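Asker: Mind having a look at this structure? Questions to follow.
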Amino acid sequence: MDTLTGAIPTLDTDGVPIHLVTAEPALHLIAEAAERRPARPLAVASINLDHLHHFGRHTNPEASPAGGPVEWLNLIDGAPIAAHAKRETGQPYPKLSGSDLVVEVLRLAAARGLSVAVLGGDPAVTEPLRDRLGTEWPGARFAGHWTPPREQLATADGAAQVAEEIRAAGPDILLVCLGKPRQEQWIEQYGARSGAGVLLAFGAVVDFLAGRVARAPGWISRAGLEWAWRLMLEPRRLANRYLVQGPPAYLALRRSARPALRGAALGVPQHA
């Protein structure tokens with residue numbers, strides 16, 4: 001089976017593969033999938049300690065499917081994952097968080113006349129989203145914003161209905177901002193039914209784009225302390241994630257086996 005990501009080497013992180021790739025080839029893959037709309041759409045996940053908590057081998061050995069209805073591109077997100085990649089390969093790989101990549105994705109969408117839709121977030125941010133996309137990326141068509149209640153997405157019929165509504169709107173790129181693990185689970189089960197070529201599991205990006213939540217200053221992000229910034233802004237919501245679930249996930253990451261490196265040579269491909 002031909003895949004978009006087959007030429008990119010991967011490294012084990014507690015049973016979850018990360019793709020050893022830089023921003024340019026990752027964006028190339030996203031743009032290619034958005035334009036081609038392959039039968040197996042490209043799903044992009046940000047791999048951090050929170051992801052390992054939900055999908056890593058140490059908590060859920062069956063949680064990382066392969067060969068399913070979507071093809072996953074797993075990007076390094078967070079200083080511990082970037083440090084793990086450098087420690088295991090001897091080469092530095094950049095942190096490609098969704099909040100950083102989304103601006104470049106939207107620039108590509110505007111340049112190529114692609115359509116963008118959003119699933120998740122609060123209905124109150126629909127107009128700020130529409131306004132910002134129209135102002136900063138006018139070449140990208142805003143295909144819609146879906147904010148179904150949690151109860152609807154918890155049922156197979158409800159989740160499928162959302163996918164069919166999105167398909168009718170025809171987006172090339174779908175930002176899925178439901179938070180982990182719901183966004184990845186929805187993408188795996190229903191993403192292909194949405195008709196989008198690319199599904200980006202980018203969590204809080206909807207609030208960043210709408211101006212509802214401030215991004216960390218650049219120096220904080222470069223120091224690997226964006227988690228602390230977010231914890232300061234939303235302590236009640238994020239304390240459990242970072243202070244309770246994070247340490248066991250970090251220990252599991254350190255136990256990941258070195259021989260798990262596979263795929264192409266460690267040189268980063270320019271194109272996949």
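As shown in the structure tokens, the chain order sets the letters A, B, ...; within each chain, residues go from 1, and ligands are also counted from 1 in the order they appear.
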Residues of segment 93-176 of chain A that have any atom at most 12 Å from an atom of segment 69-87 of chain A: could you tabulate them with the shortest-distance atom pair and the distance in Å to one decimal, using only C-alpha atoms, ordered by chain and increasing number, as CSV?

Answerer:
residue,atom,partner,partner_atom,distance
A:Tyr93,CA,A:Ala82,CA,6.2
A:Pro94,CA,A:Ala82,CA,6.6
A:Lys95,CA,A:Asp77,CA,5.1
A:Leu96,CA,A:Asp77,CA,5.5
A:Ser97,CA,A:Asp77,CA,4.9
A:Gly98,CA,A:Asp77,CA,8.0
A:Ser99,CA,A:Asp77,CA,9.9
A:Asp100,CA,A:Asp77,CA,10.0
A:Leu101,CA,A:Leu75,CA,10.4

Asker: Compile a residue-level contact table for segment 11-50 of chain A against segment 56-61 of chain A at a cut-off of 12 Å, reporting for every qualifying residue the shortest atom pair and its distance in Å to one decimal, with only C-alpha atoms counted, rows ordered by chain and ascending number, as CSV.

Answerer:
residue,atom,partner,partner_atom,distance
A:Asp12,CA,A:Gly56,CA,10.0
A:Thr13,CA,A:Gly56,CA,7.6
A:Asp14,CA,A:Gly56,CA,5.2
A:Gly15,CA,A:Arg57,CA,5.1
A:Val16,CA,A:Gly56,CA,5.9
A:Pro17,CA,A:Gly56,CA,9.7
A:Ile18,CA,A:Gly56,CA,11.8
A:Ile47,CA,A:Gly56,CA,10.2
A:Asn48,CA,A:Gly56,CA,10.4
A:Leu49,CA,A:Gly56,CA,9.1
A:Asp50,CA,A:Gly56,CA,9.4

Asker: If you count only C-alpha atoms, which residues fall within 6 Å of segment 178-193 of chain A, apart from same-chain ones fewer than 5 positions away, as a list in words?

Answerer: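 Once the adjacent positions are removed, what remains is Gly120, Ala163, Ala201 and Gly203 of chain A.
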
Asker: Mind listing the helix (DSSP H, G or I) residues of segment 69-256 of chain A, per DSSP on the backbone, as a PyMOL selection string?

Answerer: chain A and resi 79-89+98-112+123-136+150-153+156-169+182-194+205-209+218-222+226-233+235-254

Asker: Give the strand (DSSP E or B) residues of segment 163-211 of chain A, as DSSP finds them on the backbone, and put them as a list of chain:residue names.

Answerer: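 For segment 163-211 of chain A, the strand (DSSP E or B) set is A:Ile173, A:Leu174, A:Leu175, A:Val176, A:Val198, A:Leu199, A:Leu200, A:Ala201.
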
Asker: Compile a residue-level contact table for segment 128-165 of chain A against segment 111-117 of chain A at a cut-off of 7 Å, reporting for every qualifying residue the shortest atom pair and its distance in Å to one decimal, with only C-alpha atoms counted, rows ordered by chain and ascending number, as a tab-separated table.

Answerer:
residue	atom	partner	partner_atom	distance
A:Gly139	CA	A:Gly113	CA	5.4
A:Ala140	CA	A:Gly113	CA	5.3
A:Arg141	CA	A:Ser115	CA	4.4
A:Phe142	CA	A:Val116	CA	5.2
A:Ala143	CA	A:Ala117	CA	4.9
A:Gly144	CA	A:Ala117	CA	5.0
A:His145	CA	A:Ala117	CA	5.9

Asker: Write out the residues from the selection above, keeping N, CA, C and O atoms, as a JSON list (two decimals), in the first residue's frame.

Answerer:
[["chain", "number", "residue", "atom", "x", "y", "z"],
["A", 139, "GLY", "N", -7.27, 33.91, 0.87],
["A", 139, "GLY", "CA", -7.36, 32.92, -0.20],
["A", 139, "GLY", "C", -7.89, 31.58, 0.25],
["A", 139, "GLY", "O", -8.20, 30.72, -0.58],
["A", 140, "ALA", "N", -7.99, 31.37, 1.57],
["A", 140, "ALA", "CA", -8.50, 30.10, 2.11],
["A", 140, "ALA", "C", -9.99, 30.24, 2.40],
["A", 140, "ALA", "O", -10.40, 31.16, 3.12],
["A", 141, "ARG", "N", -10.78, 29.34, 1.87],
["A", 141, "ARG", "CA", -12.23, 29.40, 2.13],
["A", 141, "ARG", "C", -12.54, 28.80, 3.49],
["A", 141, "ARG", "O", -12.07, 27.72, 3.82],
["A", 142, "PHE", "N", -13.30, 29.52, 4.29],
["A", 142, "PHE", "CA", -13.72, 29.02, 5.60],
["A", 142, "PHE", "C", -14.98, 28.19, 5.39],
["A", 142, "PHE", "O", -16.05, 28.71, 5.09],
["A", 143, "ALA", "N", -14.85, 26.86, 5.53],
["A", 143, "ALA", "CA", -15.93, 25.94, 5.18],
["A", 143, "ALA", "C", -16.90, 25.71, 6.34],
["A", 143, "ALA", "O", -17.95, 25.09, 6.12],
["A", 144, "GLY", "N", -16.56, 26.18, 7.54],
["A", 144, "GLY", "CA", -17.50, 26.02, 8.64],
["A", 144, "GLY", "C", -16.84, 25.68, 9.95],
["A", 144, "GLY", "O", -15.66, 25.32, 10.01],
["A", 145, "HIS", "N", -17.62, 25.82, 11.01],
["A", 145, "HIS", "CA", -17.16, 25.54, 12.37],
["A", 145, "HIS", "C", -18.23, 24.71, 13.07],
["A", 145, "HIS", "O", -19.37, 25.18, 13.22]]
